[in-house]
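Peer 1: Okay, here's the structure, questions in a sec.
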Amino acid sequence: EEMKNVAKPATIERQDKAWLGHLLPLQNLRADKLSPLSFQRQILNPIYHKQHYANLLYVTRLTLHIVKFAKACHLIDNNPLDGIFDLPMVKKAKKKAMENSQHRPTLPHDNIQKHLKNVVKDFYLKGNLRRQYLLEISLRTILRPGEVVKLKISDLNIDKHLIKVMQPKSKEVFY
């Protein structure tokens with residue numbers, strides 16, 4: 001409840017999903033009776049065996065955050081999950097999550113103009129007209145592809161040369 005005052009709705013929704021999907025078995029357990037090994041057995045093992053390593057790390061961080069909050073509010077005397085990130089399973093999950101994360105390489109910085117022209121040229125030769133327009137708008141406005149795709153005619157203000165764009169995560173509007 002305390003987080004609702006400071007966190008964005010998307011964060012709250014993700015925390016609620018983590019709680020309902022993974023942490024529900026902890027609701028009747030006293031925080032001071034929790035231990036890293038019991039947490040691993042009850043919560044982390046099922047997530048690890050499904051190979052959802054990023055979820056495992058998120059649930060671990062969220063639970064640690066909750067326990068630290070309980071300690072800060074003097075609801076418990078010490079943090080029972082203090083060494084949770086030292087567990088071998090959590091270390092393996094962190095390593096595997098890093099391996100599974102995909103990073104898209106950027107265009108080479110030397111001769112970027114030449115490379116970008118080649119990309120646009122290939123796109124115009126192989127892409128359909130709608131995709132060409134979407135690329136053109138994206139390049140000229142520096143909008144993300146998802147933001148360009150969601151544009152409507154009503155978002156364009158030709159007189160003032162403005163485009164109304166809604167950010168996907170925060171749902172805030174900017175021009």
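Following the order of the structure tokens, chains are lettered A, B, ..., residues in each are numbered from 1, and ligands are numbered from 1.
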Mind checking DSSP for segment 90-175 of chain A and telling me the helix (DSSP H, G or I) residues as a ChimeraX atom specification?
Peer 2: /A:90-100,112-126,129-141,145-149,153-155
Peer 1: Could you write out that same residue set with N, CA and C atoms as a CSV table (one decimal), in the first residue's frame?
Peer 2:
```csv
chain,number,residue,atom,x,y,z
A,90,VAL,N,20.2,-18.6,-6.6
A,90,VAL,CA,20.0,-17.2,-7.0
A,90,VAL,C,21.1,-16.7,-7.8
A,91,LYS,N,22.3,-17.2,-7.5
A,91,LYS,CA,23.5,-16.8,-8.3
A,91,LYS,C,23.4,-17.4,-9.7
A,92,LYS,N,23.0,-18.7,-9.8
A,92,LYS,CA,22.8,-19.3,-11.1
A,92,LYS,C,21.8,-18.6,-11.9
A,93,ALA,N,20.7,-18.3,-11.2
A,93,ALA,CA,19.6,-17.6,-12.0
A,93,ALA,C,20.0,-16.2,-12.5
A,94,LYS,N,20.8,-15.5,-11.7
A,94,LYS,CA,21.3,-14.2,-12.1
A,94,LYS,C,22.2,-14.4,-13.3
A,95,LYS,N,23.1,-15.4,-13.3
A,95,LYS,CA,24.0,-15.7,-14.4
A,95,LYS,C,23.2,-16.1,-15.7
A,96,LYS,N,22.2,-17.0,-15.5
A,96,LYS,CA,21.4,-17.4,-16.7
A,96,LYS,C,20.6,-16.3,-17.2
A,97,ALA,N,20.1,-15.4,-16.4
A,97,ALA,CA,19.2,-14.3,-16.8
A,97,ALA,C,20.1,-13.3,-17.6
A,98,MET,N,21.4,-13.2,-17.2
A,98,MET,CA,22.3,-12.3,-18.0
A,98,MET,C,22.6,-12.9,-19.4
A,99,GLU,N,22.7,-14.3,-19.4
A,99,GLU,CA,23.0,-15.0,-20.7
A,99,GLU,C,21.8,-14.9,-21.6
A,100,ASN,N,20.6,-14.9,-21.0
A,100,ASN,CA,19.4,-14.9,-21.8
A,100,ASN,C,19.0,-13.6,-22.3
A,112,ILE,N,28.2,6.4,-39.9
A,112,ILE,CA,26.8,6.1,-39.5
A,112,ILE,C,25.9,6.6,-40.6
A,113,GLN,N,26.2,7.7,-41.2
A,113,GLN,CA,25.3,8.3,-42.2
A,113,GLN,C,25.2,7.3,-43.4
A,114,LYS,N,26.3,6.8,-43.8
A,114,LYS,CA,26.3,5.8,-44.9
A,114,LYS,C,25.5,4.6,-44.6
A,115,HIS,N,25.7,4.0,-43.4
A,115,HIS,CA,25.0,2.8,-43.0
A,115,HIS,C,23.5,3.1,-42.9
A,116,LEU,N,23.1,4.2,-42.3
A,116,LEU,CA,21.7,4.6,-42.2
A,116,LEU,C,21.1,4.7,-43.6
A,117,LYS,N,21.8,5.4,-44.5
A,117,LYS,CA,21.3,5.5,-45.9
A,117,LYS,C,21.1,4.1,-46.5
A,118,ASN,N,22.0,3.2,-46.3
A,118,ASN,CA,21.8,1.8,-46.8
A,118,ASN,C,20.6,1.1,-46.2
A,119,VAL,N,20.4,1.3,-44.9
A,119,VAL,CA,19.3,0.7,-44.2
A,119,VAL,C,18.0,1.2,-44.8
A,120,VAL,N,17.9,2.6,-45.0
A,120,VAL,CA,16.7,3.2,-45.5
A,120,VAL,C,16.5,2.8,-47.0
A,121,LYS,N,17.5,2.7,-47.7
A,121,LYS,CA,17.4,2.3,-49.1
A,121,LYS,C,16.9,0.9,-49.3
A,122,ASP,N,17.5,0.0,-48.5
A,122,ASP,CA,17.0,-1.4,-48.5
A,122,ASP,C,15.5,-1.5,-48.1
A,123,PHE,N,15.2,-0.7,-47.1
A,123,PHE,CA,13.8,-0.7,-46.6
A,123,PHE,C,12.9,-0.3,-47.6
A,124,TYR,N,13.2,0.8,-48.4
A,124,TYR,CA,12.4,1.3,-49.4
A,124,TYR,C,12.2,0.3,-50.6
A,125,LEU,N,13.3,-0.5,-50.8
A,125,LEU,CA,13.2,-1.5,-51.9
A,125,LEU,C,12.4,-2.7,-51.5
A,126,LYS,N,12.4,-3.1,-50.3
A,126,LYS,CA,11.8,-4.3,-49.8
A,126,LYS,C,10.5,-4.1,-49.1
A,129,LEU,N,4.5,0.4,-48.7
A,129,LEU,CA,4.4,1.9,-48.6
A,129,LEU,C,4.1,2.3,-47.1
A,130,ARG,N,3.2,1.5,-46.4
A,130,ARG,CA,2.9,1.8,-45.0
A,130,ARG,C,4.1,1.8,-44.2
A,131,ARG,N,4.9,0.8,-44.3
A,131,ARG,CA,6.1,0.6,-43.6
A,131,ARG,C,7.1,1.7,-43.9
A,132,GLN,N,7.2,2.1,-45.1
A,132,GLN,CA,8.1,3.2,-45.5
A,132,GLN,C,7.7,4.5,-44.8
A,133,TYR,N,6.4,4.8,-44.8
A,133,TYR,CA,5.9,6.0,-44.1
A,133,TYR,C,6.2,5.9,-42.6
A,134,LEU,N,6.0,4.7,-42.0
A,134,LEU,CA,6.3,4.6,-40.6
A,134,LEU,C,7.8,4.8,-40.3
A,135,LEU,N,8.7,4.3,-41.1
A,135,LEU,CA,10.1,4.5,-41.0
A,135,LEU,C,10.4,6.0,-41.1
A,136,GLU,N,9.8,6.6,-42.1
A,136,GLU,CA,10.1,8.0,-42.4
A,136,GLU,C,9.7,8.9,-41.2
A,137,ILE,N,8.5,8.6,-40.6
A,137,ILE,CA,8.1,9.4,-39.4
A,137,ILE,C,9.0,9.1,-38.3
A,138,SER,N,9.4,7.9,-38.1
A,138,SER,CA,10.2,7.5,-37.0
A,138,SER,C,11.6,8.2,-37.1
A,139,LEU,N,12.2,8.2,-38.3
A,139,LEU,CA,13.5,8.9,-38.5
A,139,LEU,C,13.4,10.4,-38.3
A,140,ARG,N,12.3,11.0,-38.8
A,140,ARG,CA,12.2,12.5,-38.7
A,140,ARG,C,11.8,13.0,-37.4
A,141,THR,N,11.1,12.2,-36.6
A,141,THR,CA,10.6,12.6,-35.3
A,141,THR,C,11.4,12.0,-34.1
A,145,PRO,N,9.4,3.0,-32.6
A,145,PRO,CA,8.5,2.4,-33.6
A,145,PRO,C,7.1,2.1,-33.0
A,146,GLY,N,7.0,1.7,-31.7
A,146,GLY,CA,5.7,1.5,-31.1
A,146,GLY,C,4.9,2.8,-31.0
A,147,GLU,N,5.6,3.9,-30.7
A,147,GLU,CA,4.9,5.2,-30.6
A,147,GLU,C,4.3,5.6,-32.0
A,148,VAL,N,5.1,5.4,-33.0
A,148,VAL,CA,4.7,5.7,-34.4
A,148,VAL,C,3.5,4.9,-34.8
A,149,VAL,N,3.6,3.6,-34.6
A,149,VAL,CA,2.5,2.7,-35.0
A,149,VAL,C,1.1,3.1,-34.3
A,153,ILE,N,-4.6,10.0,-37.0
A,153,ILE,CA,-4.7,11.3,-37.7
A,153,ILE,C,-5.0,12.4,-36.7
A,154,SER,N,-5.9,12.1,-35.7
A,154,SER,CA,-6.2,13.1,-34.7
A,154,SER,C,-5.1,13.6,-33.9
A,155,ASP,N,-4.0,12.8,-33.9
A,155,ASP,CA,-2.8,13.2,-33.1
A,155,ASP,C,-1.9,14.2,-33.8
```
Peer 1: Using DSSP secondary structure from the backbone, list all strand (DSSP E) positions within chain A, as a list in words.
Peer 2: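 Selection result, strand (DSSP E) within chain A: Leu156, Asn157, Leu162, Ile163, Val165, Met166, Val173 and Phe174 of chain A.
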Peer 1: So that I have them on file, write out the residues from the current selection with all heavy atoms, as a tab-separated table (two decimals), in the first residue's frame.
Peer 2:
```
chain	number	residue	atom	x	y	z
A	156	LEU	N	-2.22	14.48	-35.06
A	156	LEU	CA	-1.43	15.43	-35.85
A	156	LEU	C	-2.08	16.81	-35.83
A	156	LEU	O	-3.27	16.95	-36.04
A	156	LEU	CB	-1.31	14.96	-37.30
A	156	LEU	CG	-0.72	13.56	-37.52
A	156	LEU	CD1	-0.78	13.20	-38.99
A	156	LEU	CD2	0.69	13.49	-37.01
A	157	ASN	N	-1.26	17.83	-35.57
A	157	ASN	CA	-1.71	19.21	-35.64
A	157	ASN	C	-0.86	19.89	-36.71
A	157	ASN	O	0.26	20.32	-36.44
A	157	ASN	CB	-1.56	19.90	-34.29
A	157	ASN	CG	-2.15	21.29	-34.29
A	157	ASN	OD1	-2.26	21.93	-35.33
A	157	ASN	ND2	-2.50	21.76	-33.10
A	162	LEU	N	2.78	19.96	-34.77
A	162	LEU	CA	2.93	19.16	-33.55
A	162	LEU	C	2.33	17.77	-33.75
A	162	LEU	O	1.37	17.60	-34.49
A	162	LEU	CB	2.22	19.83	-32.37
A	162	LEU	CG	2.80	21.15	-31.86
A	162	LEU	CD1	1.90	21.73	-30.79
A	162	LEU	CD2	4.19	20.94	-31.32
A	163	ILE	N	2.92	16.81	-33.06
A	163	ILE	CA	2.38	15.46	-33.01
A	163	ILE	C	2.16	15.13	-31.54
A	163	ILE	O	3.07	15.26	-30.72
A	163	ILE	CB	3.36	14.43	-33.63
A	163	ILE	CG1	3.63	14.74	-35.09
A	163	ILE	CG2	2.80	13.02	-33.48
A	163	ILE	CD1	4.68	13.84	-35.71
A	165	VAL	N	1.87	12.51	-28.74
A	165	VAL	CA	2.33	11.14	-28.55
A	165	VAL	C	2.08	10.72	-27.12
A	165	VAL	O	2.34	11.48	-26.19
A	165	VAL	CB	3.85	11.02	-28.87
A	165	VAL	CG1	4.33	9.59	-28.68
A	165	VAL	CG2	4.15	11.50	-30.27
A	166	MET	N	1.56	9.49	-26.94
A	166	MET	CA	1.35	8.96	-25.60
A	166	MET	C	2.45	7.96	-25.31
A	166	MET	O	2.67	7.03	-26.08
A	166	MET	CB	-0.02	8.28	-25.50
A	166	MET	CG	-0.32	7.81	-24.09
A	166	MET	SD	-1.93	7.06	-23.91
A	166	MET	CE	-2.98	8.46	-24.15
A	173	VAL	N	1.13	12.16	-22.03
A	173	VAL	CA	1.09	12.74	-23.37
A	173	VAL	C	2.18	13.81	-23.48
A	173	VAL	O	2.38	14.59	-22.56
A	173	VAL	CB	-0.30	13.36	-23.65
A	173	VAL	CG1	-0.31	14.07	-24.98
A	173	VAL	CG2	-1.37	12.28	-23.61
A	174	PHE	N	2.89	13.80	-24.60
A	174	PHE	CA	3.84	14.87	-24.88
A	174	PHE	C	3.74	15.26	-26.34
A	174	PHE	O	3.17	14.55	-27.14
A	174	PHE	CB	5.27	14.46	-24.48
A	174	PHE	CG	5.86	13.35	-25.31
A	174	PHE	CD1	6.61	13.62	-26.43
A	174	PHE	CD2	5.65	12.03	-24.94
A	174	PHE	CE1	7.15	12.60	-27.18
A	174	PHE	CE2	6.19	11.00	-25.69
A	174	PHE	CZ	6.94	11.29	-26.81
```
Peer 1: How many Å lie between atom CA of Leu26 of chain A and atom CA of Gln42 of chain A, rounded to one decimal?
Peer 2: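 Value for the atom CA of Leu26 of chain A-atom CA of Gln42 of chain A distance: 8.5 Å.
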Peer 1: Could you jot down the atom CA of Asn55 of chain A to atom CA of Pro80 of chain A separation for me, Å, one decimal place?
Peer 2: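 Here the two named atoms are 21.0 Å from each other.
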Peer 1: For Val67 of chain A, work out the shell of residues within 8 Å, counting only C-alpha atoms and skipping chain neighbours fewer than 6 positions away, then give it as a list in words.
Peer 2: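 Within the cut-off, the hits are Ala31, Asn79, Pro80 and Leu81 of chain A.
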Peer 1: Rounded to one decimal in Å, what is the spacing between atom CA of Lys8 of chain A and atom CA of Ile142 of chain A?
Peer 2: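 So the two atoms, atom CA of Lys8 of chain A and atom CA of Ile142 of chain A, lie 24.7 Å apart.
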Peer 1: Which residue is closest to His65 of chain A? Choose from A:Asp32, A:Asp82, A:Asp110, A:Glu13 and count only C-alpha atoms.
Peer 2: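 Among the listed residues, A:Asp82 lies closest to His65 of chain A.
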Peer 1: With distances taken over only C-alpha atoms, which of A:Leu57, A:Ile158, A:Leu34, A:Leu23 is nearest to Ile76 of chain A?
Peer 2: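 Selected residue with least distance to Ile76 of chain A: A:Leu34.
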Peer 1: Looking at only C-alpha atoms, which of A:Thr60, A:Glu172, A:Asn128, A:Ala54 is the one that sits closest to Asp86 of chain A?
Peer 2: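 The shortest atom-to-atom distance to Asp86 of chain A comes from A:Thr60.
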Peer 1: With distances taken over only C-alpha atoms, which of A:Asn5, A:Ser101, A:Thr63, A:Ser170 is nearest to Pro36 of chain A?
Peer 2: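 Using only C-alpha atoms, the shortest distance to Pro36 of chain A belongs to A:Thr63.
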